[in-house]
There are 4 protein chains.
Amino acid sequence: MKDAASEQDARGITIQRVGVRDLHLPIMIREKRGANAHVLGLIDASVELPKTDRGTHMSRFVSILTQWAKKSVSMSEMEQMLRDIVGAFNSRAGSLKVGFTYFLDKRAPASGIESPLDYECRFEAEIEEGAYSFQLVVTVPVITLCPCSKEISERGAHNQRALLTVWLASEPGHIIWLEDLIPLLEAQGSCEIYPLLKRVDEKVITECSYDNPKFVEDVVRDAVLALRGLPGARRFIAECESIESIHNHVAYARAEGCRDATGEVH
Amino acid sequence: MKDAASEQDARGITIQRVGVRDLHLPIMIREKRGANAHVLGLIDASVELPKTDRGTHMSRFVSILTQWAKKSVSMSEMEQMLRDIVGAFNSRAGSLKVGFTYFLDKRAPASGIESPLDYECRFEAEIEEGAYSFQLVVTVPVITLCPCSKEISERGAHNQRALLTVWLASEPGHIIWLEDLIPLLEAQGSCEIYPLLKRVDEKVITECSYDNPKFVEDVVRDAVLALRGLPGARRFIAECESIESIHNHVAYARAEGCRDATGEVH
Amino acid sequence: MKDAASEQDARGITIQRVGVRDLHLPIMIREKRGANAHVLGLIDASVELPKTDRGTHMSRFVSILTQWAKKSVSMSEMEQMLRDIVGAFNSRAGSLKVGFTYFLDKRAPASGIESPLDYECRFEAEIEEGAYSFQLVVTVPVITLCPCSKEISERGAHNQRALLTVWLASEPGHIIWLEDLIPLLEAQGSCEIYPLLKRVDEKVITECSYDNPKFVEDVVRDAVLALRGLPGARRFIAECESIESIHNHVAYARAEGCRDATGEVH
Amino acid sequence: MKDAASEQDARGITIQRVGVRDLHLPIMIREKRGANAHVLGLIDASVELPKTDRGTHMSRFVSILTQWAKKSVSMSEMEQMLRDIVGAFNSRAGSLKVGFTYFLDKRAPASGIESPLDYECRFEAEIEEGAYSFQLVVTVPVITLCPCSKEISERGAHNQRALLTVWLASEPGHIIWLEDLIPLLEAQGSCEIYPLLKRVDEKVITECSYDNPKFVEDVVRDAVLALRGLPGARRFIAECESIESIHNHVAYARAEGCRDATGEVH
């Protein structure tokens with residue numbers, strides 16, 4: 001049976017990335033406490049294709065990923081998954097992104113009642129010129145209460161749900177657990193949010209956010225300060241998108257940082 | 001050239017609707033003041049196919065719609081568009097939905113500064129057993145400020161952007177202008193929202209929403225009351241989705257109404 | 001602590017539905033073989049609010065649903081979940097929708113290699129005037145190959161991914177397993193699709209779809225015929241959306257059916 | 001009236017970008033023939049905020065953009081728009097992205113019948129360290145017919161809609177018209193696609209795509225070759241996403257290029 005993908009190519013153009021995207025697989029994410037979270041994985045996997053080859057064998061991606069879907073995955077396994085992929089294609093470079101919704105139990109501030117909150121997460125691994133790099137992407141929902149609105153108004157202040165997203169490159173060999181990173185980020189808004197709240201909790205959250213007004217600029221600066229103290233963090237970007245209650249558009253800010261506050265990573 | 005779509009069908013199953021969806025066309029919506037708004041139309045058009053026919057000629061939908069894209073469209077033209085479609089297929093029934101983003105100029109409450117706000121709108125026409133019906137669908141963004149949060153808290157109150165959507169069936173022959181309907185709906189939240197606000201405006205909006213707390217239940221009931229007074233309105237559904245600032249989910253309510261408060265349309 | 005939601009309401013307007021939407025919870029779906037699939041649940045839960053009451057206690061929905069998230073759910077448990085909700089609010093009516101992505105292992109037609117394919121599913125339960133009803137919604141991806149294109153062309157035929165969605169109301173007390181319904185629907189396209197295919201499989205699928213051309217009209221009629229033979233099915237709607245490869249829009253058809261081909265359910 | 005955004009900030013953290021996103025405005029895009037296309041603009045505008053300042057005055061973005069919404073915009077006006085924004089904030093850096101759906105009339109290959117096809121486009125401007133750069137982003141839908149499927153099958157070949165997206169940085173002062181770029185890209189798939197096709201056209205397209213099989217790898221390489229010949233193009237990335245008809249995931253490839261095939265721009 002002929003194999004059109006294995007033909008030689010005369011156009012002389014390297015393809016930086018070729019692969020599959022929007023592939024859904026049921027996967028297991030290793031939790032900090034050792035158990036597994038069963039999540040819906042949304043996967044993007046690709047490799048570099050040399051200028052001499054016409055095509056890629058796309059089924060190999062699915063074959064390798066399907067095997068991995070039976071194992072527990074954390075930041076550390078991502079390197080082996082991507083090395084398996086890049087190896088199978090005998091390729092110089094490749095990328096692997098695994099997106100999923102993760103849950104952590106939240107305890108309401110006054111009643112102590114528990115409920116699971118959802119966070120959008122993504123593991124992003126890359127091999128370029130043989131070098132491996134990894135990035136963790138997490139989005140946490142928080143409240144932002146506008147300092148300007150509070151300052152100028154005789155009563156009340158506009159507030160809204162906001163999304164704080166962090167892209168975080170970690171030190172090699174260091175696992176940063178979502179269980180540690182997420183609470184750190186949730187603390188940077190005007191107040192945290194929860195699926196389940198009794199009235200005594202709602203009072204606490206309303207007053208907490210009113211007492212702690214923050215612009216999106218404040219949220220990302222405070223996130224950068226907090227991330228500087230996170231062991232294993234190397235470089236990071238913090239972006240906050242606020243679903244403004246007084247507008248039909250979003251306000252956002254983005255700041256970059258690294259572990260060493262003086263500016264460079266050692 | 002053979003025509004597979006014109007074949008007879010032996011399965012004996014009527015197809016209630018067959019047609020095209022997600023068709024984008026540049027269209028013109030007639031404004032109340034007589035000019036045209038040039039909008040991006042998202043179109044869904046379909047007809048009934050009798051049990052005896054195997055297929056439909058899909059190109060006829062696009063051909064008719066492309067012709068109409070050159071003319072000014074309001075609620076009234078929708079009937080002719082749909083009759084053209086149903087006629088071209090010699091069909092007993094059909095549907096036509098035209099979705100678009102519409103803009104109205106908003107004047108900020110204190111500074112008077114103007115800016116255009118966007119509203120998601122849809123014209124929905126249907127012919128069934130020869131009878132024509134029409135429904136106008138509009139979504140307007142507003143603020144909702146939580147009465148419970150205000151009541152129980154010593155300071156502040158959580159608030160957020162909310163979307164009030166109305167499905168409105170009108171009296172035959174009566175045009176209900178978006179220019180009339182949208183402001184009516186915007187008045188039903190805790191406060192209206194605007195693209196462009198100076199600080200003097202933000203103060204007004206913050207205090208207005210604090211002074212006017214509303215549950216989603218309040219918003220839809222007030223919308224029903226307001227719609228009862230709208231000339232040409234026949235039956236309507238009002239739904240409010242509030243993008244809760246203290247949760248990562250939405251709170252919503254839906255109420256139905258008709259022109260005659262006693263319960264039935266005359 | 002005052003309770004604004006418990007106030008009396010003088011507006012005299014019943015609220016048909018009030019509740020939460022876009023609530024994410026990790027839930028367990030009972031599989032036919034008895035094990036549990038851990039899925040990401042997307043939930044919409046609501047009740048009727050009488051005209052005399054101002055508001056609803058939204059936290060009750062989350063509280064009940066969070067409890068249920070620890071149990072195995074199938075079509076049968078949906079009734080108890082919804083009765084728990086309606087009971088907690090002492091309400092006459094209510095709705096519960098649970099959406100999730102479900103996986104079934106597919107075996108490639110020639111190589112026999114296995115891989116899990118994803119299907120969008122939804123359980124929809126409703127209580128109205130005390131009567132319970134249930135609807136299963138499933139979307140399966142298939143290929144459609146155009147009969148017209150094949151007929152008129154000297155070689156080839158345009159084909160594309162299509163989505164066949166079924167809304168199915170079942171007989172009371174009868175469980176229809178996704179494991180039975182999904183393969184039945186997958187058989188109605190020009191050919192089934194798979195995550196993982198070797199070249200020998202790709203040959204089979206290409207030729208199978210070429211030998212089995214179907215309009216969207218054919219797909220929904222054949223789905224109706226197939227569903228008539230499914231034990232426990234009562235009434236159903238089949239809709240097929242074809243992501244046309246020769247257009248930038250979708251072609252679709254929708255047909256309704258019921259268990260008894262003569263037209264009415266006994 | 002106090003101004004919280006004008007306060008000094010002690011955290012010492014520069015904010016790379018702060019601004020508004022998902023702002024909808026009705027805008028006018030200058031067509032090559034001199035007329036204006038009225039489009040729905042989706043806007044993202046931001047500036048750098050120095051470490052010494054606490055906040056930004058978000059209303060300035062909306063104020064400037066609202067003014068520009070009354071003027072005709074092409075690639076050249078983007079520089080002035082962004083300079084207006086950066087100047088208003090007295091900032092060192094800033095970004096402006098304007099996304100919109102653009103239409104070009106397509107003439108069916110055999111019947112010659114005309115209909116407008118929609119393309120997703122985006123103008124992206126950036127100022128960094130005083131230097132202005134611009135990028136044009138366009139997505140065109142095409143057909144891809146699989147060379148492997150054709151090769152190994154006795155009849156037929158799977159094909160599907162695919163999206164070819166190009167990010168193109170142009171030479172300063174050189175306008176690249178969408179009217180020139182889009183047809184160039186449409187020619188790189190297995191065949192072009194159209195909203196309106198008669199049967200004689202469908203025959204041409206079916207046979208054309210069958211005679212011209214292309215992997216996503218082929219499409220992006222051919223796009224790079226074609227873009228090298230486009231006057232005013234400087235550097236570009238071509239990505240093709242194929243909505244595989246035989247899978248429920250996407251296959252994609254991405255290649256980079258520049259005007260000078262030997263590797264560097266002069």
# chains A, B, ... in the order shown; residues from 1 in each chain; ligands from 1

call {"tool": "interface_residues", "arguments": {"of": "chain B", "to": "chain C", "cutoff": "9 Å", "atoms": "only C-alpha atoms", "output": "PyMOL selection string"}}
result
chain B and resi 1-5+11-24+46+49+54-56+58+147-149+151-152+215-218+220-222+224-225+241+248-257

call {"tool": "select_by_dssp", "arguments": {"residues": "range 105-165 of chain A", "states": "helix (DSSP H, G or I)", "output": "PyMOL selection string"}}
result
chain A and resi 147-152

call {"tool": "residues_around", "arguments": {"residues": "Gln160 in chain C", "least_positions_apart": "6", "cutoff": "7 Å", "atoms": "only C-alpha atoms", "output": "list in words"}}
result
Ile143, Thr144, Leu145, Ser242, Ile243, Glu244 and Ser245 of chain C; Asn159, Gln160 and Ser245 of chain D

call {"tool": "select_by_dssp", "arguments": {"residues": "range 27-128 of chain C", "states": "strand (DSSP E)", "output": "PDB file with N, CA, C and O atoms, in the first residue's frame"}}
result
ATOM      1  N   ILE C  27     -18.880  14.770  37.834  1.00  0.00           N
ATOM      2  CA  ILE C  27     -19.933  13.802  38.156  1.00  0.00           C
ATOM      3  C   ILE C  27     -19.597  12.417  37.599  1.00  0.00           C
ATOM      4  O   ILE C  27     -18.673  12.251  36.804  1.00  0.00           O
ATOM      5  N   MET C  28     -20.360  11.436  38.056  1.00  0.00           N
ATOM      6  CA  MET C  28     -20.134  10.063  37.620  1.00  0.00           C
ATOM      7  C   MET C  28     -21.361   9.578  36.862  1.00  0.00           C
ATOM      8  O   MET C  28     -22.471   9.597  37.394  1.00  0.00           O
ATOM      9  N   ILE C  29     -21.158   9.129  35.628  1.00  0.00           N
ATOM     10  CA  ILE C  29     -22.245   8.573  34.821  1.00  0.00           C
ATOM     11  C   ILE C  29     -22.113   7.050  34.863  1.00  0.00           C
ATOM     12  O   ILE C  29     -21.046   6.495  34.601  1.00  0.00           O
ATOM     13  N   ARG C  30     -23.225   6.412  35.190  1.00  0.00           N
ATOM     14  CA  ARG C  30     -23.220   4.954  35.248  1.00  0.00           C
ATOM     15  C   ARG C  30     -23.141   4.384  33.845  1.00  0.00           C
ATOM     16  O   ARG C  30     -23.931   4.732  32.978  1.00  0.00           O
ATOM     17  N   ASN C  36     -18.369   3.265  36.434  1.00  0.00           N
ATOM     18  CA  ASN C  36     -18.708   4.678  36.350  1.00  0.00           C
ATOM     19  C   ASN C  36     -17.767   5.424  35.418  1.00  0.00           C
ATOM     20  O   ASN C  36     -16.555   5.222  35.487  1.00  0.00           O
ATOM     21  N   ALA C  37     -18.316   6.296  34.585  1.00  0.00           N
ATOM     22  CA  ALA C  37     -17.487   7.219  33.807  1.00  0.00           C
ATOM     23  C   ALA C  37     -17.409   8.523  34.592  1.00  0.00           C
ATOM     24  O   ALA C  37     -18.436   9.075  34.971  1.00  0.00           O
ATOM     25  N   HIS C  38     -16.184   8.990  34.855  1.00  0.00           N
ATOM     26  CA  HIS C  38     -16.007  10.270  35.544  1.00  0.00           C
ATOM     27  C   HIS C  38     -16.013  11.367  34.507  1.00  0.00           C
ATOM     28  O   HIS C  38     -15.101  11.424  33.674  1.00  0.00           O
ATOM     29  N   VAL C  39     -17.012  12.222  34.545  1.00  0.00           N
ATOM     30  CA  VAL C  39     -17.141  13.237  33.501  1.00  0.00           C
ATOM     31  C   VAL C  39     -17.221  14.640  34.104  1.00  0.00           C
ATOM     32  O   VAL C  39     -17.430  14.816  35.307  1.00  0.00           O
ATOM     33  N   LEU C  40     -17.026  15.616  33.213  1.00  0.00           N
ATOM     34  CA  LEU C  40     -17.184  17.018  33.587  1.00  0.00           C
ATOM     35  C   LEU C  40     -18.636  17.385  33.314  1.00  0.00           C
ATOM     36  O   LEU C  40     -19.048  17.430  32.152  1.00  0.00           O
ATOM     37  N   GLY C  41     -19.409  17.612  34.381  1.00  0.00           N
ATOM     38  CA  GLY C  41     -20.827  17.924  34.209  1.00  0.00           C
ATOM     39  C   GLY C  41     -21.064  19.415  34.047  1.00  0.00           C
ATOM     40  O   GLY C  41     -20.494  20.219  34.781  1.00  0.00           O
ATOM     41  N   LEU C  42     -21.913  19.767  33.098  1.00  0.00           N
ATOM     42  CA  LEU C  42     -22.322  21.164  32.902  1.00  0.00           C
ATOM     43  C   LEU C  42     -23.816  21.200  33.210  1.00  0.00           C
ATOM     44  O   LEU C  42     -24.618  20.590  32.493  1.00  0.00           O
ATOM     45  N   ILE C  43     -24.178  21.925  34.262  1.00  0.00           N
ATOM     46  CA  ILE C  43     -25.512  21.743  34.829  1.00  0.00           C
ATOM     47  C   ILE C  43     -26.373  23.004  34.781  1.00  0.00           C
ATOM     48  O   ILE C  43     -25.902  24.121  34.975  1.00  0.00           O
ATOM     49  N   ASP C  44     -27.660  22.770  34.523  1.00  0.00           N
ATOM     50  CA  ASP C  44     -28.681  23.814  34.502  1.00  0.00           C
ATOM     51  C   ASP C  44     -29.852  23.265  35.322  1.00  0.00           C
ATOM     52  O   ASP C  44     -30.442  22.252  34.958  1.00  0.00           O
ATOM     53  N   ALA C  45     -30.142  23.901  36.448  1.00  0.00           N
ATOM     54  CA  ALA C  45     -31.213  23.412  37.324  1.00  0.00           C
ATOM     55  C   ALA C  45     -32.113  24.572  37.705  1.00  0.00           C
ATOM     56  O   ALA C  45     -31.636  25.654  38.043  1.00  0.00           O
ATOM     57  N   SER C  46     -33.427  24.341  37.677  1.00  0.00           N
ATOM     58  CA  SER C  46     -34.341  25.446  37.965  1.00  0.00           C
ATOM     59  C   SER C  46     -35.688  24.933  38.444  1.00  0.00           C
ATOM     60  O   SER C  46     -36.031  23.775  38.236  1.00  0.00           O
ATOM     61  N   VAL C  47     -36.439  25.805  39.094  1.00  0.00           N
ATOM     62  CA  VAL C  47     -37.795  25.477  39.550  1.00  0.00           C
ATOM     63  C   VAL C  47     -38.747  26.621  39.204  1.00  0.00           C
ATOM     64  O   VAL C  47     -38.321  27.711  38.840  1.00  0.00           O
ATOM     65  N   GLU C  48     -40.020  26.348  39.362  1.00  0.00           N
ATOM     66  CA  GLU C  48     -41.031  27.406  39.218  1.00  0.00           C
ATOM     67  C   GLU C  48     -41.126  28.160  40.533  1.00  0.00           C
ATOM     68  O   GLU C  48     -41.023  27.565  41.619  1.00  0.00           O
ATOM     69  N   LEU C  49     -41.300  29.479  40.438  1.00  0.00           N
ATOM     70  CA  LEU C  49     -41.467  30.297  41.639  1.00  0.00           C
ATOM     71  C   LEU C  49     -42.867  30.901  41.612  1.00  0.00           C
ATOM     72  O   LEU C  49     -43.232  31.592  40.657  1.00  0.00           O
ATOM     73  N   SER C  72     -23.431   7.780  41.581  1.00  0.00           N
ATOM     74  CA  SER C  72     -23.472   7.374  40.190  1.00  0.00           C
ATOM     75  C   SER C  72     -24.823   7.782  39.587  1.00  0.00           C
ATOM     76  O   SER C  72     -25.872   7.535  40.184  1.00  0.00           O
ATOM     77  N   VAL C  73     -24.786   8.390  38.419  1.00  0.00           N
ATOM     78  CA  VAL C  73     -26.009   8.906  37.803  1.00  0.00           C
ATOM     79  C   VAL C  73     -26.274   8.218  36.465  1.00  0.00           C
ATOM     80  O   VAL C  73     -25.372   8.054  35.650  1.00  0.00           O
ATOM     81  N   GLY C  94     -40.161  22.032  37.712  1.00  0.00           N
ATOM     82  CA  GLY C  94     -38.724  22.275  37.678  1.00  0.00           C
ATOM     83  C   GLY C  94     -38.065  21.548  36.530  1.00  0.00           C
ATOM     84  O   GLY C  94     -38.676  20.685  35.883  1.00  0.00           O
ATOM     85  N   SER C  95     -36.811  21.907  36.264  1.00  0.00           N
ATOM     86  CA  SER C  95     -36.045  21.304  35.171  1.00  0.00           C
ATOM     87  C   SER C  95     -34.632  21.023  35.642  1.00  0.00           C
ATOM     88  O   SER C  95     -34.093  21.740  36.483  1.00  0.00           O
ATOM     89  N   LEU C  96     -34.031  20.003  35.046  1.00  0.00           N
ATOM     90  CA  LEU C  96     -32.639  19.673  35.350  1.00  0.00           C
ATOM     91  C   LEU C  96     -31.987  19.181  34.075  1.00  0.00           C
ATOM     92  O   LEU C  96     -32.457  18.217  33.454  1.00  0.00           O
ATOM     93  N   LYS C  97     -30.898  19.838  33.684  1.00  0.00           N
ATOM     94  CA  LYS C  97     -30.148  19.406  32.503  1.00  0.00           C
ATOM     95  C   LYS C  97     -28.707  19.145  32.908  1.00  0.00           C
ATOM     96  O   LYS C  97     -28.079  19.994  33.556  1.00  0.00           O
ATOM     97  N   VAL C  98     -28.213  17.984  32.525  1.00  0.00           N
ATOM     98  CA  VAL C  98     -26.832  17.621  32.842  1.00  0.00           C
ATOM     99  C   VAL C  98     -26.124  17.262  31.536  1.00  0.00           C
ATOM    100  O   VAL C  98     -26.433  16.236  30.917  1.00  0.00           O
ATOM    101  N   GLY C  99     -25.215  18.121  31.117  1.00  0.00           N
ATOM    102  CA  GLY C  99     -24.468  17.882  29.878  1.00  0.00           C
ATOM    103  C   GLY C  99     -23.082  17.345  30.184  1.00  0.00           C
ATOM    104  O   GLY C  99     -22.489  17.699  31.203  1.00  0.00           O
ATOM    105  N   PHE C 100     -22.567  16.485  29.309  1.00  0.00           N
ATOM    106  CA  PHE C 100     -21.231  15.911  29.537  1.00  0.00           C
ATOM    107  C   PHE C 100     -20.698  15.308  28.246  1.00  0.00           C
ATOM    108  O   PHE C 100     -21.457  15.020  27.311  1.00  0.00           O
ATOM    109  N   THR C 101     -19.387  15.139  28.202  1.00  0.00           N
ATOM    110  CA  THR C 101     -18.748  14.432  27.092  1.00  0.00           C
ATOM    111  C   THR C 101     -18.532  12.991  27.519  1.00  0.00           C
ATOM    112  O   THR C 101     -17.976  12.744  28.590  1.00  0.00           O
ATOM    113  N   TYR C 102     -19.004  12.065  26.689  1.00  0.00           N
ATOM    114  CA  TYR C 102     -18.934  10.644  27.008  1.00  0.00           C
ATOM    115  C   TYR C 102     -18.027   9.969  25.977  1.00  0.00           C
ATOM    116  O   TYR C 102     -17.970  10.396  24.829  1.00  0.00           O
ATOM    117  N   PHE C 103     -17.325   8.941  26.390  1.00  0.00           N
ATOM    118  CA  PHE C 103     -16.423   8.237  25.468  1.00  0.00           C
ATOM    119  C   PHE C 103     -16.849   6.784  25.310  1.00  0.00           C
ATOM    120  O   PHE C 103     -17.233   6.129  26.284  1.00  0.00           O
ATOM    121  N   LEU C 104     -16.757   6.289  24.091  1.00  0.00           N
ATOM    122  CA  LEU C 104     -16.903   4.851  23.845  1.00  0.00           C
ATOM    123  C   LEU C 104     -15.689   4.399  23.036  1.00  0.00           C
ATOM    124  O   LEU C 104     -15.192   5.138  22.180  1.00  0.00           O
ATOM    125  N   ASP C 105     -15.209   3.205  23.315  1.00  0.00           N
ATOM    126  CA  ASP C 105     -14.087   2.680  22.551  1.00  0.00           C
ATOM    127  C   ASP C 105     -14.555   2.261  21.172  1.00  0.00           C
ATOM    128  O   ASP C 105     -15.556   1.549  21.030  1.00  0.00           O
ATOM    129  N   LYS C 106     -13.818   2.697  20.178  1.00  0.00           N
ATOM    130  CA  LYS C 106     -14.124   2.327  18.798  1.00  0.00           C
ATOM    131  C   LYS C 106     -13.032   1.388  18.309  1.00  0.00           C
ATOM    132  O   LYS C 106     -11.852   1.572  18.611  1.00  0.00           O
ATOM    133  N   ARG C 107     -13.430   0.425  17.500  1.00  0.00           N
ATOM    134  CA  ARG C 107     -12.481  -0.517  16.928  1.00  0.00           C
ATOM    135  C   ARG C 107     -12.378  -0.224  15.431  1.00  0.00           C
ATOM    136  O   ARG C 107     -13.383  -0.272  14.718  1.00  0.00           O
ATOM    137  N   GLU C 114      -7.948  -0.096  18.754  1.00  0.00           N
ATOM    138  CA  GLU C 114      -8.984   0.592  19.550  1.00  0.00           C
ATOM    139  C   GLU C 114      -8.582   1.993  19.974  1.00  0.00           C
ATOM    140  O   GLU C 114      -7.410   2.261  20.263  1.00  0.00           O
ATOM    141  N   SER C 115      -9.571   2.874  20.067  1.00  0.00           N
ATOM    142  CA  SER C 115      -9.350   4.231  20.571  1.00  0.00           C
ATOM    143  C   SER C 115     -10.691   4.807  20.999  1.00  0.00           C
ATOM    144  O   SER C 115     -11.735   4.418  20.487  1.00  0.00           O
ATOM    145  N   PRO C 116     -10.676   5.728  21.989  1.00  0.00           N
ATOM    146  CA  PRO C 116     -11.935   6.260  22.534  1.00  0.00           C
ATOM    147  C   PRO C 116     -12.430   7.487  21.774  1.00  0.00           C
ATOM    148  O   PRO C 116     -11.693   8.446  21.597  1.00  0.00           O
ATOM    149  N   LEU C 117     -13.675   7.451  21.341  1.00  0.00           N
ATOM    150  CA  LEU C 117     -14.263   8.599  20.633  1.00  0.00           C
ATOM    151  C   LEU C 117     -15.207   9.356  21.562  1.00  0.00           C
ATOM    152  O   LEU C 117     -15.878   8.757  22.399  1.00  0.00           O
ATOM    153  N   ASP C 118     -15.223  10.676  21.412  1.00  0.00           N
ATOM    154  CA  ASP C 118     -16.012  11.535  22.292  1.00  0.00           C
ATOM    155  C   ASP C 118     -17.355  11.900  21.673  1.00  0.00           C
ATOM    156  O   ASP C 118     -17.447  12.215  20.494  1.00  0.00           O
ATOM    157  N   TYR C 119     -18.389  11.909  22.514  1.00  0.00           N
ATOM    158  CA  TYR C 119     -19.756  12.244  22.113  1.00  0.00           C
ATOM    159  C   TYR C 119     -20.331  13.247  23.104  1.00  0.00           C
ATOM    160  O   TYR C 119     -20.221  13.070  24.313  1.00  0.00           O
ATOM    161  N   GLU C 120     -20.990  14.271  22.587  1.00  0.00           N
ATOM    162  CA  GLU C 120     -21.650  15.243  23.467  1.00  0.00           C
ATOM    163  C   GLU C 120     -23.025  14.689  23.854  1.00  0.00           C
ATOM    164  O   GLU C 120     -23.828  14.348  22.986  1.00  0.00           O
ATOM    165  N   CYS C 121     -23.272  14.602  25.146  1.00  0.00           N
ATOM    166  CA  CYS C 121     -24.530  14.027  25.631  1.00  0.00           C
ATOM    167  C   CYS C 121     -25.199  14.974  26.632  1.00  0.00           C
ATOM    168  O   CYS C 121     -24.545  15.815  27.237  1.00  0.00           O
ATOM    169  N   ARG C 122     -26.496  14.801  26.803  1.00  0.00           N
ATOM    170  CA  ARG C 122     -27.203  15.606  27.803  1.00  0.00           C
ATOM    171  C   ARG C 122     -28.423  14.845  28.297  1.00  0.00           C
ATOM    172  O   ARG C 122     -29.190  14.292  27.506  1.00  0.00           O
ATOM    173  N   PHE C 123     -28.577  14.805  29.603  1.00  0.00           N
ATOM    174  CA  PHE C 123     -29.791  14.278  30.233  1.00  0.00           C
ATOM    175  C   PHE C 123     -30.678  15.477  30.557  1.00  0.00           C
ATOM    176  O   PHE C 123     -30.227  16.413  31.225  1.00  0.00           O
ATOM    177  N   GLU C 124     -31.930  15.465  30.114  1.00  0.00           N
ATOM    178  CA  GLU C 124     -32.835  16.576  30.405  1.00  0.00           C
ATOM    179  C   GLU C 124     -34.093  16.054  31.092  1.00  0.00           C
ATOM    180  O   GLU C 124     -34.867  15.305  30.481  1.00  0.00           O
ATOM    181  N   ALA C 125     -34.302  16.464  32.319  1.00  0.00           N
ATOM    182  CA  ALA C 125     -35.471  16.025  33.077  1.00  0.00           C
ATOM    183  C   ALA C 125     -36.380  17.218  33.358  1.00  0.00           C
ATOM    184  O   ALA C 125     -35.906  18.337  33.525  1.00  0.00           O
ATOM    185  N   GLU C 126     -37.681  16.953  33.417  1.00  0.00           N
ATOM    186  CA  GLU C 126     -38.612  18.046  33.690  1.00  0.00           C
ATOM    187  C   GLU C 126     -39.800  17.531  34.495  1.00  0.00           C
ATOM    188  O   GLU C 126     -40.285  16.420  34.283  1.00  0.00           O
ATOM    189  N   ILE C 127     -40.245  18.368  35.433  1.00  0.00           N
ATOM    190  CA  ILE C 127     -41.492  18.089  36.149  1.00  0.00           C
ATOM    191  C   ILE C 127     -42.425  19.272  35.899  1.00  0.00           C
ATOM    192  O   ILE C 127     -42.040  20.426  36.095  1.00  0.00           O
ATOM    193  N   GLU C 128     -43.616  18.956  35.416  1.00  0.00           N
ATOM    194  CA  GLU C 128     -44.603  20.004  35.130  1.00  0.00           C
ATOM    195  C   GLU C 128     -45.945  19.476  35.613  1.00  0.00           C
ATOM    196  O   GLU C 128     -46.338  18.370  35.235  1.00  0.00           O
TER     197      GLU C 128
END

call {"tool": "atom_distance", "arguments": {"atom1": "CA of Arg234 in chain A", "atom2": "CA of Gln135 in chain A"}}
result
9.9 Å

call {"tool": "atom_distance", "arguments": {"atom1": "CA of Ile113 in chain A", "atom2": "CA of Arg199 in chain A"}}
result
11.6 Å

call {"tool": "atom_distance", "arguments": {"atom1": "CA of Asn90 in chain D", "atom2": "CA of Trp167 in chain D"}}
result
29.0 Å

call {"tool": "decode", "arguments": {"residues": "range 30-37 of chain B", "atoms": "N, CA and C atoms", "output": "PDB file, in the first residue's frame"}}
result
ATOM      1  N   ARG B  30     -33.214  48.060   8.562  1.00  0.00           N
ATOM      2  CA  ARG B  30     -33.833  49.389   8.514  1.00  0.00           C
ATOM      3  C   ARG B  30     -33.954  49.954   9.919  1.00  0.00           C
ATOM      4  N   GLU B  31     -33.427  51.166  10.116  1.00  0.00           N
ATOM      5  CA  GLU B  31     -33.513  51.810  11.423  1.00  0.00           C
ATOM      6  C   GLU B  31     -34.842  52.570  11.531  1.00  0.00           C
ATOM      7  N   LYS B  32     -35.227  52.885  12.765  1.00  0.00           N
ATOM      8  CA  LYS B  32     -36.499  53.577  12.967  1.00  0.00           C
ATOM      9  C   LYS B  32     -36.511  54.939  12.263  1.00  0.00           C
ATOM     10  N   ARG B  33     -35.335  55.606  12.287  1.00  0.00           N
ATOM     11  CA  ARG B  33     -35.279  56.945  11.678  1.00  0.00           C
ATOM     12  C   ARG B  33     -35.206  56.878  10.155  1.00  0.00           C
ATOM     13  N   GLY B  34     -35.216  55.651   9.577  1.00  0.00           N
ATOM     14  CA  GLY B  34     -35.289  55.533   8.127  1.00  0.00           C
ATOM     15  C   GLY B  34     -33.999  55.134   7.440  1.00  0.00           C
ATOM     16  N   ALA B  35     -32.848  55.368   8.083  1.00  0.00           N
ATOM     17  CA  ALA B  35     -31.568  54.977   7.478  1.00  0.00           C
ATOM     18  C   ALA B  35     -31.368  53.470   7.625  1.00  0.00           C
ATOM     19  N   ASN B  36     -30.226  52.973   7.137  1.00  0.00           N
ATOM     20  CA  ASN B  36     -29.923  51.546   7.227  1.00  0.00           C
ATOM     21  C   ASN B  36     -28.713  51.291   8.114  1.00  0.00           C
ATOM     22  N   ALA B  37     -28.793  50.278   8.968  1.00  0.00           N
ATOM     23  CA  ALA B  37     -27.610  49.807   9.695  1.00  0.00           C
ATOM     24  C   ALA B  37     -27.027  48.656   8.897  1.00  0.00           C
TER      25      ALA B  37
END
